[in-house]
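Asker: So that you have it, the file is input_4.tsv, and it contains TSV, N, CA and C atoms:
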chain	number	residue	atom	x	y	z
Z	225	MET	N	3.24	3.16	21.22
Z	225	MET	CA	3.82	4.13	20.33
Z	225	MET	C	3.11	5.47	20.56
Z	226	ARG	N	3.89	6.51	20.64
Z	226	ARG	CA	3.32	7.86	20.75
Z	226	ARG	C	3.26	8.47	19.36
Z	227	THR	N	2.19	9.22	19.11
Z	227	THR	CA	2.02	9.89	17.83
Z	227	THR	C	1.22	11.16	18.04
Z	228	SER	N	1.15	11.98	17.03
Z	228	SER	CA	0.33	13.19	17.14
Z	228	SER	C	-0.46	13.38	15.86
Z	229	PHE	N	-1.57	14.09	15.98
Z	229	PHE	CA	-2.46	14.35	14.86
Z	229	PHE	C	-2.87	15.81	14.86
Z	230	ASN	N	-3.13	16.34	13.70
Z	230	ASN	CA	-3.71	17.67	13.58
Z	230	ASN	C	-5.21	17.50	13.36
Z	231	ILE	N	-5.99	17.84	14.38
Z	231	ILE	CA	-7.43	17.66	14.35
Z	231	ILE	C	-8.08	18.97	14.79
Z	232	PRO	N	-9.10	19.42	14.07
Z	232	PRO	CA	-9.76	20.67	14.48
Z	232	PRO	C	-10.28	20.61	15.92
Z	233	ASP	N	-10.19	21.72	16.61
Z	233	ASP	CA	-10.60	21.79	18.03
Z	233	ASP	C	-12.01	21.29	18.25
Z	234	GLU	N	-12.94	21.67	17.36
Z	234	GLU	CA	-14.34	21.28	17.57
Z	234	GLU	C	-14.52	19.76	17.46
Z	235	VAL	N	-13.70	19.11	16.64
Z	235	VAL	CA	-13.78	17.64	16.53
Z	235	VAL	C	-13.27	17.01	17.82
Z	236	ILE	N	-12.15	17.51	18.33
Z	236	ILE	CA	-11.61	16.98	19.59
Z	236	ILE	C	-12.59	17.19	20.75
Z	237	GLU	N	-13.19	18.37	20.80
Z	237	GLU	CA	-14.15	18.65	21.87
Z	237	GLU	C	-15.32	17.67	21.83
Z	238	GLU	N	-15.85	17.43	20.64
Z	238	GLU	CA	-16.97	16.50	20.49
Z	238	GLU	C	-16.53	15.06	20.80
Z	239	PHE	N	-15.35	14.68	20.32
Z	239	PHE	CA	-14.81	13.35	20.60
Z	239	PHE	C	-14.65	13.14	22.10
Z	240	ASP	N	-14.07	14.13	22.78
Z	240	ASP	CA	-13.89	14.03	24.24
Z	240	ASP	C	-15.23	13.92	24.96
Z	241	ARG	N	-16.21	14.68	24.52
Z	241	ARG	CA	-17.54	14.61	25.15
Z	241	ARG	C	-18.11	13.20	25.01
Z	242	VAL	N	-17.98	12.62	23.83
Z	242	VAL	CA	-18.57	11.30	23.57
Z	242	VAL	C	-17.87	10.22	24.38
Z	243	TRP	N	-16.53	10.17	24.35
Z	243	TRP	CA	-15.87	9.08	25.07
Z	243	TRP	C	-16.06	9.20	26.57
Z	244	LYS	N	-16.16	10.42	27.08
Z	244	LYS	CA	-16.42	10.58	28.52
Z	244	LYS	C	-17.82	10.11	28.88
Z	245	GLU	N	-18.80	10.38	28.01
Z	245	GLU	CA	-20.16	9.89	28.24
Z	245	GLU	C	-20.21	8.37	28.24
Z	246	GLN	N	-19.32	7.74	27.48
Z	246	GLN	CA	-19.25	6.28	27.40
Z	246	GLN	C	-18.48	5.67	28.56
Z	247	ASP	N	-17.96	6.51	29.44
Z	247	ASP	CA	-17.18	6.06	30.61
Z	247	ASP	C	-15.92	5.29	30.23
Z	248	LEU	N	-15.30	5.66	29.11
Z	248	LEU	CA	-14.01	5.06	28.79
Z	248	LEU	C	-12.96	5.67	29.70
Z	249	GLU	N	-11.89	4.94	29.91
Z	249	GLU	CA	-10.90	5.40	30.90
Z	249	GLU	C	-10.10	6.62	30.46
Z	250	ASN	N	-9.85	6.78	29.15
Z	250	ASN	CA	-9.07	7.94	28.70
Z	250	ASN	C	-9.19	8.10	27.19
Z	251	ARG	N	-8.65	9.21	26.69
Z	251	ARG	CA	-8.72	9.51	25.26
Z	251	ARG	C	-7.96	8.47	24.44
Z	252	SER	N	-6.83	7.98	24.94
Z	252	SER	CA	-6.06	6.98	24.19
Z	252	SER	C	-6.89	5.73	23.94
Z	253	ARG	N	-7.61	5.31	24.95
Z	253	ARG	CA	-8.48	4.13	24.81
Z	253	ARG	C	-9.55	4.39	23.75
Z	254	ALA	N	-10.14	5.58	23.78
Z	254	ALA	CA	-11.18	5.95	22.82
Z	254	ALA	C	-10.61	5.99	21.40
Z	255	VAL	N	-9.42	6.51	21.25
Z	255	VAL	CA	-8.79	6.58	19.92
Z	255	VAL	C	-8.51	5.17	19.41
Z	256	ARG	N	-8.00	4.29	20.28
Z	256	ARG	CA	-7.75	2.90	19.88
Z	256	ARG	C	-9.03	2.24	19.39
Z	257	GLU	N	-10.13	2.41	20.15
Z	257	GLU	CA	-11.40	1.82	19.75
Z	257	GLU	C	-11.89	2.40	18.42
Z	258	ALA	N	-11.75	3.71	18.25
Z	258	ALA	CA	-12.17	4.35	17.00
Z	258	ALA	C	-11.34	3.82	15.83
Z	259	MET	N	-10.06	3.64	16.04
Z	259	MET	CA	-9.20	3.12	14.97
Z	259	MET	C	-9.58	1.68	14.62
Z	260	LEU	N	-9.87	0.88	15.61
Z	260	LEU	CA	-10.28	-0.50	15.34
Z	260	LEU	C	-11.59	-0.55	14.57
Z	261	GLU	N	-12.54	0.31	14.94
Z	261	GLU	CA	-13.81	0.38	14.21
Z	261	GLU	C	-13.57	0.81	12.77
Z	262	TYR	N	-12.67	1.76	12.57
Z	262	TYR	CA	-12.34	2.24	11.22
Z	262	TYR	C	-11.76	1.10	10.39
Z	263	ILE	N	-10.82	0.38	10.97
Z	263	ILE	CA	-10.19	-0.75	10.27
Z	263	ILE	C	-11.24	-1.80	9.91
Z	264	GLU	N	-12.10	-2.13	10.85
Z	264	GLU	CA	-13.12	-3.13	10.62
Z	264	GLU	C	-14.08	-2.70	9.51
Z	265	SER	N	-14.55	-1.47	9.55
Z	265	SER	CA	-15.53	-1.04	8.55
Z	265	SER	C	-14.91	-0.91	7.16
Z	266	HIS	N	-13.64	-0.56	7.09
Z	266	HIS	CA	-13.02	-0.38	5.78
Z	266	HIS	C	-12.45	-1.67	5.21
Z	267	SER	N	-12.11	-2.61	6.06
Z	267	SER	CA	-11.54	-3.85	5.55
Z	267	SER	C	-12.60	-4.71	4.86
Z	268	ARG	N	-13.87	-4.60	5.27
Z	268	ARG	CA	-14.91	-5.39	4.60
Z	268	ARG	C	-15.01	-4.97	3.14
Z	269	LEU	N	-15.02	-3.69	2.87
Z	269	LEU	CA	-15.08	-3.23	1.49
Z	269	LEU	C	-13.82	-3.66	0.74
Z	270	GLU	N	-12.69	-3.57	1.39
Z	270	GLU	CA	-11.42	-3.92	0.75
Z	270	GLU	C	-11.35	-5.40	0.41
Z	271	GLU	N	-11.94	-6.24	1.25
Z	271	GLU	CA	-11.86	-7.70	1.07
Z	271	GLU	C	-12.97	-8.26	0.19
Z	272	THR	N	-13.98	-7.45	-0.11
Z	272	THR	CA	-15.13	-7.92	-0.88
Z	272	THR	C	-14.76	-7.99	-2.36
Z	273	SER	N	-15.23	-9.03	-3.01
Z	273	SER	CA	-15.00	-9.18	-4.45
Z	273	SER	C	-16.30	-9.59	-5.13
Z	274	GLY	N	-16.26	-9.59	-6.44
Z	274	GLY	CA	-17.45	-9.98	-7.19
Z	274	GLY	C	-18.45	-8.85	-7.27
Z	275	GLU	N	-19.65	-9.19	-7.64
Z	275	GLU	CA	-20.75	-8.23	-7.78
Z	275	GLU	C	-21.30	-7.88	-6.40
Z	276	ILE	N	-21.49	-6.58	-6.14
Z	276	ILE	CA	-22.04	-6.16	-4.86
Z	276	ILE	C	-23.16	-5.15	-5.07
Z	277	VAL	N	-23.96	-5.00	-4.03
Z	277	VAL	CA	-24.94	-3.92	-3.93
Z	277	VAL	C	-24.52	-3.13	-2.71
Z	278	ALA	N	-24.40	-1.81	-2.87
Z	278	ALA	CA	-23.91	-0.98	-1.76
Z	278	ALA	C	-24.55	0.39	-1.78
Z	279	LEU	N	-24.61	0.98	-0.61
Z	279	LEU	CA	-25.05	2.36	-0.46
Z	279	LEU	C	-23.82	3.17	-0.05
Z	280	VAL	N	-23.52	4.20	-0.81
Z	280	VAL	CA	-22.39	5.09	-0.51
Z	280	VAL	C	-23.00	6.45	-0.16
Z	281	ALA	N	-22.78	6.91	1.06
Z	281	ALA	CA	-23.33	8.19	1.51
Z	281	ALA	C	-22.18	9.11	1.88
Z	282	PHE	N	-22.34	10.39	1.55
Z	282	PHE	CA	-21.29	11.36	1.88
Z	282	PHE	C	-21.88	12.74	2.06
Z	283	ASP	N	-21.20	13.56	2.84
Z	283	ASP	CA	-21.61	14.94	3.04
Z	283	ASP	C	-20.47	15.85	2.60
Z	284	TYR	N	-20.85	17.01	2.07
Z	284	TYR	CA	-19.83	17.89	1.50
Z	284	TYR	C	-20.34	19.32	1.44
Z	285	ARG	N	-19.39	20.22	1.29
Z	285	ARG	CA	-19.71	21.64	1.10
Z	285	ARG	C	-19.99	21.85	-0.39
Z	286	HIS	N	-21.22	22.13	-0.67
Z	286	HIS	CA	-21.72	22.19	-2.05
Z	286	HIS	C	-20.86	23.05	-2.96
Z	287	HIS	N	-20.61	24.28	-2.57
Z	287	HIS	CA	-19.93	25.23	-3.45
Z	287	HIS	C	-18.47	24.88	-3.73
Z	288	LYS	N	-17.87	24.04	-2.88
Z	288	LYS	CA	-16.44	23.72	-3.05
Z	288	LYS	C	-16.19	22.63	-4.09
Z	289	VAL	N	-17.11	21.68	-4.21
Z	289	VAL	CA	-16.78	20.49	-5.00
Z	289	VAL	C	-17.85	19.98	-5.94
Z	290	ILE	N	-18.94	20.68	-6.10
Z	290	ILE	CA	-20.08	20.12	-6.83
Z	290	ILE	C	-19.74	19.72	-8.26
Z	291	GLN	N	-19.02	20.55	-8.99
Z	291	GLN	CA	-18.69	20.22	-10.38
Z	291	GLN	C	-17.84	18.95	-10.46
Z	292	GLU	N	-16.82	18.88	-9.60
Z	292	GLU	CA	-15.93	17.72	-9.61
Z	292	GLU	C	-16.66	16.45	-9.17
Z	293	LEU	N	-17.55	16.58	-8.19
Z	293	LEU	CA	-18.32	15.41	-7.74
Z	293	LEU	C	-19.23	14.89	-8.86
Z	294	HIS	N	-19.87	15.80	-9.56
Z	294	HIS	CA	-20.71	15.37	-10.67
Z	294	HIS	C	-19.89	14.66	-11.74
Z	295	ALA	N	-18.70	15.16	-12.01
Z	295	ALA	CA	-17.83	14.52	-13.01
Z	295	ALA	C	-17.49	13.08	-12.59
Z	296	VAL	N	-17.16	12.90	-11.32
Z	296	VAL	CA	-16.84	11.55	-10.82
Z	296	VAL	C	-18.07	10.65	-10.93
Z	297	GLN	N	-19.23	11.17	-10.54
Z	297	GLN	CA	-20.44	10.35	-10.62
Z	297	GLN	C	-20.74	9.94	-12.06
Z	298	HIS	N	-20.49	10.81	-13.00
Z	298	HIS	CA	-20.71	10.45	-14.41
Z	298	HIS	C	-19.73	9.36	-14.86
Z	299	GLU	N	-18.51	9.40	-14.34
Z	299	GLU	CA	-17.53	8.35	-14.67
Z	299	GLU	C	-18.00	6.98	-14.20
Z	300	TYR	N	-18.77	6.95	-13.12
Z	300	TYR	CA	-19.19	5.68	-12.52
Z	300	TYR	C	-20.69	5.42	-12.73
Z	301	GLN	N	-21.28	6.00	-13.76
Z	301	GLN	CA	-22.71	5.83	-13.97
Z	301	GLN	C	-23.11	4.39	-14.29
Z	302	ASP	N	-22.14	3.57	-14.65
Z	302	ASP	CA	-22.47	2.16	-14.89
Z	302	ASP	C	-22.69	1.38	-13.60
Z	303	VAL	N	-22.22	1.90	-12.45
Z	303	VAL	CA	-22.48	1.23	-11.17
Z	303	VAL	C	-23.43	2.02	-10.28
Z	304	ILE	N	-23.60	3.31	-10.52
Z	304	ILE	CA	-24.53	4.13	-9.73
Z	304	ILE	C	-25.92	4.00	-10.35
Z	305	LEU	N	-26.83	3.35	-9.61
Z	305	LEU	CA	-28.17	3.14	-10.12
Z	305	LEU	C	-29.10	4.29	-9.79
Z	306	ASN	N	-28.87	4.92	-8.64
Z	306	ASN	CA	-29.78	5.95	-8.16
Z	306	ASN	C	-29.03	6.87	-7.22
Z	307	THR	N	-29.41	8.15	-7.19
Z	307	THR	CA	-28.82	9.09	-6.25
Z	307	THR	C	-29.92	9.82	-5.50
Z	308	SER	N	-29.59	10.28	-4.32
Z	308	SER	CA	-30.49	11.11	-3.53
Z	308	SER	C	-29.65	12.25	-2.96
Z	309	HIS	N	-30.21	13.45	-2.96
Z	309	HIS	CA	-29.46	14.63	-2.57
Z	309	HIS	C	-30.35	15.52	-1.72
Z	310	THR	N	-29.80	16.04	-0.63
Z	310	THR	CA	-30.54	17.00	0.19
Z	310	THR	C	-29.59	18.11	0.64
Z	311	HIS	N	-30.11	19.31	0.74
Z	311	HIS	CA	-29.33	20.46	1.18
Z	311	HIS	C	-29.52	20.66	2.68
Z	312	GLN	N	-28.44	20.95	3.36
Z	312	GLN	CA	-28.46	21.25	4.79
Z	312	GLN	C	-27.63	22.51	5.01
Z	313	GLY	N	-28.14	23.64	4.60
Z	313	GLY	CA	-27.37	24.88	4.68
Z	313	GLY	C	-26.24	24.84	3.67
Z	314	GLU	N	-25.02	25.12	4.14
Z	314	GLU	CA	-23.84	25.05	3.27
Z	314	GLU	C	-23.50	23.62	2.89
Z	315	TRP	N	-23.97	22.68	3.69
Z	315	TRP	CA	-23.62	21.28	3.50
Z	315	TRP	C	-24.70	20.56	2.71
Z	316	CYS	N	-24.28	19.54	1.99
Z	316	CYS	CA	-25.21	18.66	1.28
Z	316	CYS	C	-24.94	17.23	1.73
Z	317	LEU	N	-25.98	16.44	1.69
Z	317	LEU	CA	-25.87	15.01	1.96
Z	317	LEU	C	-26.32	14.31	0.69
Z	318	GLU	N	-25.50	13.37	0.25
Z	318	GLU	CA	-25.79	12.65	-0.98
Z	318	GLU	C	-25.65	11.15	-0.73
Z	319	SER	N	-26.54	10.38	-1.34
Z	319	SER	CA	-26.42	8.93	-1.25
Z	319	SER	C	-26.46	8.36	-2.66
Z	320	LEU	N	-25.64	7.34	-2.86
Z	320	LEU	CA	-25.54	6.67	-4.15
Z	320	LEU	C	-25.87	5.20	-3.94
Z	321	PHE	N	-26.87	4.72	-4.62
Z	321	PHE	CA	-27.21	3.29	-4.57
Z	321	PHE	C	-26.46	2.64	-5.72
Z	322	CYS	N	-25.58	1.72	-5.40
Z	322	CYS	CA	-24.68	1.15	-6.41
Z	322	CYS	C	-24.86	-0.36	-6.55
Z	323	ARG	N	-24.63	-0.84	-7.76
Z	323	ARG	CA	-24.57	-2.28	-8.03
Z	323	ARG	C	-23.51	-2.48	-9.11
Z	324	GLY	N	-22.57	-3.38	-8.81
Z	324	GLY	CA	-21.53	-3.64	-9.78
Z	324	GLY	C	-20.34	-4.32	-9.15
Z	325	PRO	N	-19.25	-4.39	-9.89
Z	325	PRO	CA	-18.05	-5.04	-9.36
Z	325	PRO	C	-17.54	-4.33	-8.10
Z	326	ALA	N	-17.20	-5.09	-7.08
Z	326	ALA	CA	-16.72	-4.52	-5.82
Z	326	ALA	C	-15.55	-3.58	-6.05
Z	327	LYS	N	-14.66	-3.95	-6.95
Z	327	LYS	CA	-13.49	-3.11	-7.23
Z	327	LYS	C	-13.90	-1.72	-7.72
Z	328	GLN	N	-14.92	-1.67	-8.55
Z	328	GLN	CA	-15.36	-0.39	-9.09
Z	328	GLN	C	-16.05	0.46	-8.01
Z	329	VAL	N	-16.87	-0.14	-7.17
Z	329	VAL	CA	-17.53	0.58	-6.08
Z	329	VAL	C	-16.47	1.07	-5.09
Z	330	ARG	N	-15.48	0.24	-4.83
Z	330	ARG	CA	-14.38	0.62	-3.93
Z	330	ARG	C	-13.63	1.82	-4.50
Z	331	THR	N	-13.31	1.80	-5.78
Z	331	THR	CA	-12.58	2.90	-6.41
Z	331	THR	C	-13.41	4.18	-6.37
Z	332	LEU	N	-14.71	4.08	-6.62
Z	332	LEU	CA	-15.60	5.24	-6.51
Z	332	LEU	C	-15.54	5.82	-5.11
Z	333	THR	N	-15.62	4.97	-4.11
Z	333	THR	CA	-15.57	5.41	-2.71
Z	333	THR	C	-14.27	6.15	-2.43
Z	334	TYR	N	-13.16	5.61	-2.86
Z	334	TYR	CA	-11.87	6.24	-2.62
Z	334	TYR	C	-11.75	7.57	-3.36
Z	335	ARG	N	-12.31	7.65	-4.56
Z	335	ARG	CA	-12.30	8.91	-5.30
Z	335	ARG	C	-13.07	9.99	-4.54
Z	336	LEU	N	-14.22	9.63	-3.99
Z	336	LEU	CA	-15.01	10.59	-3.23
Z	336	LEU	C	-14.27	11.08	-1.99
Z	337	ARG	N	-13.52	10.20	-1.35
Z	337	ARG	CA	-12.76	10.57	-0.16
Z	337	ARG	C	-11.60	11.51	-0.46
Z	338	ASP	N	-11.19	11.58	-1.71
Z	338	ASP	CA	-10.06	12.43	-2.09
Z	338	ASP	C	-10.39	13.92	-2.09
Z	339	PHE	N	-11.65	14.29	-2.10
Z	339	PHE	CA	-12.03	15.70	-2.16
Z	339	PHE	C	-11.92	16.37	-0.80
Z	340	ASP	N	-11.24	17.52	-0.75
Z	340	ASP	CA	-11.13	18.26	0.50
Z	340	ASP	C	-12.48	18.73	1.01
Z	341	GLY	N	-13.41	19.06	0.10
Z	341	GLY	CA	-14.72	19.56	0.51
Z	341	GLY	C	-15.66	18.47	0.99
Z	342	VAL	N	-15.27	17.20	0.84
Z	342	VAL	CA	-16.10	16.08	1.32
Z	342	VAL	C	-15.69	15.78	2.76
Z	343	ASN	N	-16.68	15.78	3.64
Z	343	ASN	CA	-16.40	15.57	5.05
Z	343	ASN	C	-16.25	14.08	5.37
Z	344	ARG	N	-17.30	13.31	5.12
Z	344	ARG	CA	-17.28	11.88	5.42
Z	344	ARG	C	-17.85	11.09	4.25
Z	345	VAL	N	-17.35	9.89	4.09
Z	345	VAL	CA	-17.91	8.95	3.11
Z	345	VAL	C	-18.14	7.64	3.87
Z	346	LYS	N	-19.37	7.17	3.86
Z	346	LYS	CA	-19.73	5.92	4.53
Z	346	LYS	C	-20.25	4.94	3.50
Z	347	VAL	N	-19.85	3.69	3.64
Z	347	VAL	CA	-20.29	2.65	2.71
Z	347	VAL	C	-20.97	1.55	3.50
Z	348	MET	N	-22.12	1.15	3.00
Z	348	MET	CA	-22.81	0.01	3.58
Z	348	MET	C	-22.97	-1.02	2.47
Z	349	VAL	N	-22.24	-2.12	2.59
Z	349	VAL	CA	-22.36	-3.21	1.61
Z	349	VAL	C	-23.62	-3.99	2.00
Z	350	ILE	N	-24.59	-3.95	1.11
Z	350	ILE	CA	-25.89	-4.59	1.38
Z	350	ILE	C	-25.84	-6.05	0.99
Z	351	ARG	N	-25.23	-6.33	-0.14
Z	351	ARG	CA	-25.08	-7.70	-0.62
Z	351	ARG	C	-23.71	-7.81	-1.26
Z	352	ASP	N	-22.92	-8.73	-0.76
Z	352	ASP	CA	-21.58	-8.87	-1.35
Z	352	ASP	C	-21.52	-10.07	-2.28
Z	353	GLY	N	-20.35	-10.26	-2.87
Z	353	GLY	CA	-20.14	-11.33	-3.84
Z	353	GLY	C	-20.35	-12.72	-3.28
Z	354	GLU	N	-20.45	-12.85	-1.98
Z	354	GLU	CA	-20.62	-14.16	-1.34
Z	354	GLU	C	-22.05	-14.68	-1.47
Z	355	ASP	N	-23.02	-13.74	-1.62
Z	355	ASP	CA	-24.44	-14.15	-1.64
Z	355	ASP	C	-24.83	-14.77	-2.96
Show how you would write the structure in this file as structure tokens.
Answerer:
Amino acid sequence: MRTSFNIPDEVIEEFDRVWKEQDLENRSRAVREAMLEYIESHSRLEETSGEIVALVAFDYRHHKVIQELHAVQHEYQDVILNTSHTHQGEWCLESLFCRGPAKQVRTLTYRLRDFDGVNRVKVMVIRDGED
């Protein structure tokens, strides 16, 4: 299937540099692998149930979303045990150490991804409902 995406030039340039360094045969192959990794990393959170312990990390442009991000964090204070924040110029990096129902941590993660000023949100499930 052929498709197209709107991606900033600097992201494409960096992506091309990385896949070429990895000696992949072409950009399509690299995109397929990236999509599979995305599916794999996101499906674990989606499939997890019960009580979990997780680290949610995200980077964002401070001035664009700080008030709204704080509001969301206050909504989820029953699962956010600890936060860490560092400034990197215009960008900030924040980590949330969470414990609670997987559904609630998942919803928090999706809420954070909804902000235009948030660049990336990464989740590491440390202990899932299976343990």
Asker: Tell me which protein, DNA and RNA residues are within 8 Å of Leu269 (chain Z), counting all atoms listed in the file, leaving out same-chain ones fewer than 2 positions away, and put them as number ranges by chain.
Answerer: Z: 264-267, 271-273, 326-327, 329-330, 347, 349
Asker: Save out the residues we just selected, N, CA and C atoms, as a PDB file, keeping the file's coordinate frame.
Answerer:
ATOM      1  N   GLU Z 264     -12.100  -2.130  10.850  1.00  0.00           N
ATOM      2  CA  GLU Z 264     -13.120  -3.130  10.620  1.00  0.00           C
ATOM      3  C   GLU Z 264     -14.080  -2.700   9.510  1.00  0.00           C
ATOM      4  N   SER Z 265     -14.550  -1.470   9.550  1.00  0.00           N
ATOM      5  CA  SER Z 265     -15.530  -1.040   8.550  1.00  0.00           C
ATOM      6  C   SER Z 265     -14.910  -0.910   7.160  1.00  0.00           C
ATOM      7  N   HIS Z 266     -13.640  -0.560   7.090  1.00  0.00           N
ATOM      8  CA  HIS Z 266     -13.020  -0.380   5.780  1.00  0.00           C
ATOM      9  C   HIS Z 266     -12.450  -1.670   5.210  1.00  0.00           C
ATOM     10  N   SER Z 267     -12.110  -2.610   6.060  1.00  0.00           N
ATOM     11  CA  SER Z 267     -11.540  -3.850   5.550  1.00  0.00           C
ATOM     12  C   SER Z 267     -12.600  -4.710   4.860  1.00  0.00           C
ATOM     13  N   GLU Z 271     -11.940  -6.240   1.250  1.00  0.00           N
ATOM     14  CA  GLU Z 271     -11.860  -7.700   1.070  1.00  0.00           C
ATOM     15  C   GLU Z 271     -12.970  -8.260   0.190  1.00  0.00           C
ATOM     16  N   THR Z 272     -13.980  -7.450  -0.110  1.00  0.00           N
ATOM     17  CA  THR Z 272     -15.130  -7.920  -0.880  1.00  0.00           C
ATOM     18  C   THR Z 272     -14.760  -7.990  -2.360  1.00  0.00           C
ATOM     19  N   SER Z 273     -15.230  -9.030  -3.010  1.00  0.00           N
ATOM     20  CA  SER Z 273     -15.000  -9.180  -4.450  1.00  0.00           C
ATOM     21  C   SER Z 273     -16.300  -9.590  -5.130  1.00  0.00           C
ATOM     22  N   ALA Z 326     -17.200  -5.090  -7.080  1.00  0.00           N
ATOM     23  CA  ALA Z 326     -16.720  -4.520  -5.820  1.00  0.00           C
ATOM     24  C   ALA Z 326     -15.550  -3.580  -6.050  1.00  0.00           C
ATOM     25  N   LYS Z 327     -14.660  -3.950  -6.950  1.00  0.00           N
ATOM     26  CA  LYS Z 327     -13.490  -3.110  -7.230  1.00  0.00           C
ATOM     27  C   LYS Z 327     -13.900  -1.720  -7.720  1.00  0.00           C
ATOM     28  N   VAL Z 329     -16.870  -0.140  -7.170  1.00  0.00           N
ATOM     29  CA  VAL Z 329     -17.530   0.580  -6.080  1.00  0.00           C
ATOM     30  C   VAL Z 329     -16.470   1.070  -5.090  1.00  0.00           C
ATOM     31  N   ARG Z 330     -15.480   0.240  -4.830  1.00  0.00           N
ATOM     32  CA  ARG Z 330     -14.380   0.620  -3.930  1.00  0.00           C
ATOM     33  C   ARG Z 330     -13.630   1.820  -4.500  1.00  0.00           C
ATOM     34  N   VAL Z 347     -19.850   3.690   3.640  1.00  0.00           N
ATOM     35  CA  VAL Z 347     -20.290   2.650   2.710  1.00  0.00           C
ATOM     36  C   VAL Z 347     -20.970   1.550   3.500  1.00  0.00           C
ATOM     37  N   VAL Z 349     -22.240  -2.120   2.590  1.00  0.00           N
ATOM     38  CA  VAL Z 349     -22.360  -3.210   1.610  1.00  0.00           C
ATOM     39  C   VAL Z 349     -23.620  -3.990   2.000  1.00  0.00           C
TER      40      VAL Z 349
END
Asker: Just the number, please: distance in Å from atom N of Leu248 (chain Z) to atom N of Asn230 (chain Z), one decimal.
Answerer: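 Between these atoms lies a distance of 22.4 Å.
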Asker: Which residue is closest to Asn343 (chain Z)? Choose from Z:Gln297, Z:Trp315, Z:Leu320, Z:Asp283 and count only N, CA and C atoms.
Answerer: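 Checking each candidate against Asn343 (chain Z), we get Z:Asp283 as the closest.
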Asker: Taking all atoms listed in the file into account, which of Z:Asp233, Z:Arg323, Z:Ser308, Z:Ile290 comes nearest Ile276 (chain Z)?
Answerer: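 Smallest distance to Ile276 (chain Z) is found for Z:Arg323.
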Asker: State, in Å with one decimal place, the distance from atom N of Gly324 (chain Z) to atom N of Val303 (chain Z).
Answerer: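 Spanning atom N of Gly324 (chain Z) to atom N of Val303 (chain Z) is a straight-line distance of 6.4 Å.
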Asker: DSSP on the backbone, strand (DSSP E or B) only: what residues of chain Z does that give? Format it as JSON, numbers by chain.
Answerer: {"Z": [275, 276, 277, 278, 279, 280, 281, 282, 283, 284, 285, 304, 305, 306, 307, 308, 309, 310, 311, 312, 315, 316, 317, 318, 319, 320, 321, 322, 323, 324, 325, 342, 343, 344, 345, 346, 347, 348, 349, 350, 351]}
Asker: Please report the interatomic distance between CA of Glu257 (chain Z) and CA of Ser228 (chain Z) in Å with one decimal.
Answerer: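 CA of Glu257 (chain Z) sits 16.5 Å away from CA of Ser228 (chain Z).
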Asker: Tyr284 (chain Z): which residues within 8 Å, counting all atoms listed in the file, same-chain residues fewer than 6 positions away excluded, as a PDB file with N, CA and C atoms, in the coordinates of the input?
Answerer:
ATOM      1  N   ILE Z 290     -18.940  20.680  -6.100  1.00  0.00           N
ATOM      2  CA  ILE Z 290     -20.080  20.120  -6.830  1.00  0.00           C
ATOM      3  C   ILE Z 290     -19.740  19.720  -8.260  1.00  0.00           C
ATOM      4  N   GLU Z 314     -25.020  25.120   4.140  1.00  0.00           N
ATOM      5  CA  GLU Z 314     -23.840  25.050   3.270  1.00  0.00           C
ATOM      6  C   GLU Z 314     -23.500  23.620   2.890  1.00  0.00           C
ATOM      7  N   TRP Z 315     -23.970  22.680   3.690  1.00  0.00           N
ATOM      8  CA  TRP Z 315     -23.620  21.280   3.500  1.00  0.00           C
ATOM      9  C   TRP Z 315     -24.700  20.560   2.710  1.00  0.00           C
ATOM     10  N   CYS Z 316     -24.280  19.540   1.990  1.00  0.00           N
ATOM     11  CA  CYS Z 316     -25.210  18.660   1.280  1.00  0.00           C
ATOM     12  C   CYS Z 316     -24.940  17.230   1.730  1.00  0.00           C
ATOM     13  N   LEU Z 317     -25.980  16.440   1.690  1.00  0.00           N
ATOM     14  CA  LEU Z 317     -25.870  15.010   1.960  1.00  0.00           C
ATOM     15  C   LEU Z 317     -26.320  14.310   0.690  1.00  0.00           C
ATOM     16  N   GLU Z 318     -25.500  13.370   0.250  1.00  0.00           N
ATOM     17  CA  GLU Z 318     -25.790  12.650  -0.980  1.00  0.00           C
ATOM     18  C   GLU Z 318     -25.650  11.150  -0.730  1.00  0.00           C
ATOM     19  N   ASP Z 340     -11.240  17.520  -0.750  1.00  0.00           N
ATOM     20  CA  ASP Z 340     -11.130  18.260   0.500  1.00  0.00           C
ATOM     21  C   ASP Z 340     -12.480  18.730   1.010  1.00  0.00           C
ATOM     22  N   GLY Z 341     -13.410  19.060   0.100  1.00  0.00           N
ATOM     23  CA  GLY Z 341     -14.720  19.560   0.510  1.00  0.00           C
ATOM     24  C   GLY Z 341     -15.660  18.470   0.990  1.00  0.00           C
ATOM     25  N   VAL Z 342     -15.270  17.200   0.840  1.00  0.00           N
ATOM     26  CA  VAL Z 342     -16.100  16.080   1.320  1.00  0.00           C
ATOM     27  C   VAL Z 342     -15.690  15.780   2.760  1.00  0.00           C
ATOM     28  N   ASN Z 343     -16.680  15.780   3.640  1.00  0.00           N
ATOM     29  CA  ASN Z 343     -16.400  15.570   5.050  1.00  0.00           C
ATOM     30  C   ASN Z 343     -16.250  14.080   5.370  1.00  0.00           C
ATOM     31  N   ARG Z 344     -17.300  13.310   5.120  1.00  0.00           N
ATOM     32  CA  ARG Z 344     -17.280  11.880   5.420  1.00  0.00           C
ATOM     33  C   ARG Z 344     -17.850  11.090   4.250  1.00  0.00           C
TER      34      ARG Z 344
END
Asker: List as a PyMOL selection string the protein and nucleic acid residues near Ile350 (chain Z), meaning an atom at most 6.5 Å away when all atoms listed in the file are counted, but skip any in the same chain fewer than 5 places from it.
Answerer: chain Z and resi 276-279
Asker: To test your reading of the structure, identify every residue in region 259-312 of chain Z that backbone DSSP assigns to alpha helix (DSSP H), and report it as a list in words.
Answerer: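 Residues of region 259-312 of chain Z classed as alpha helix (DSSP H): Met259, Leu260, Glu261, Tyr262, Ile263, Glu264, Ser265, His266, Ser267, Arg268, Leu269, Glu270, Glu271, His286, His287, Lys288, Val289, Ile290, Gln291, Glu292, Leu293, His294, Ala295, Val296, Gln297, His298 and Glu299 of chain Z.
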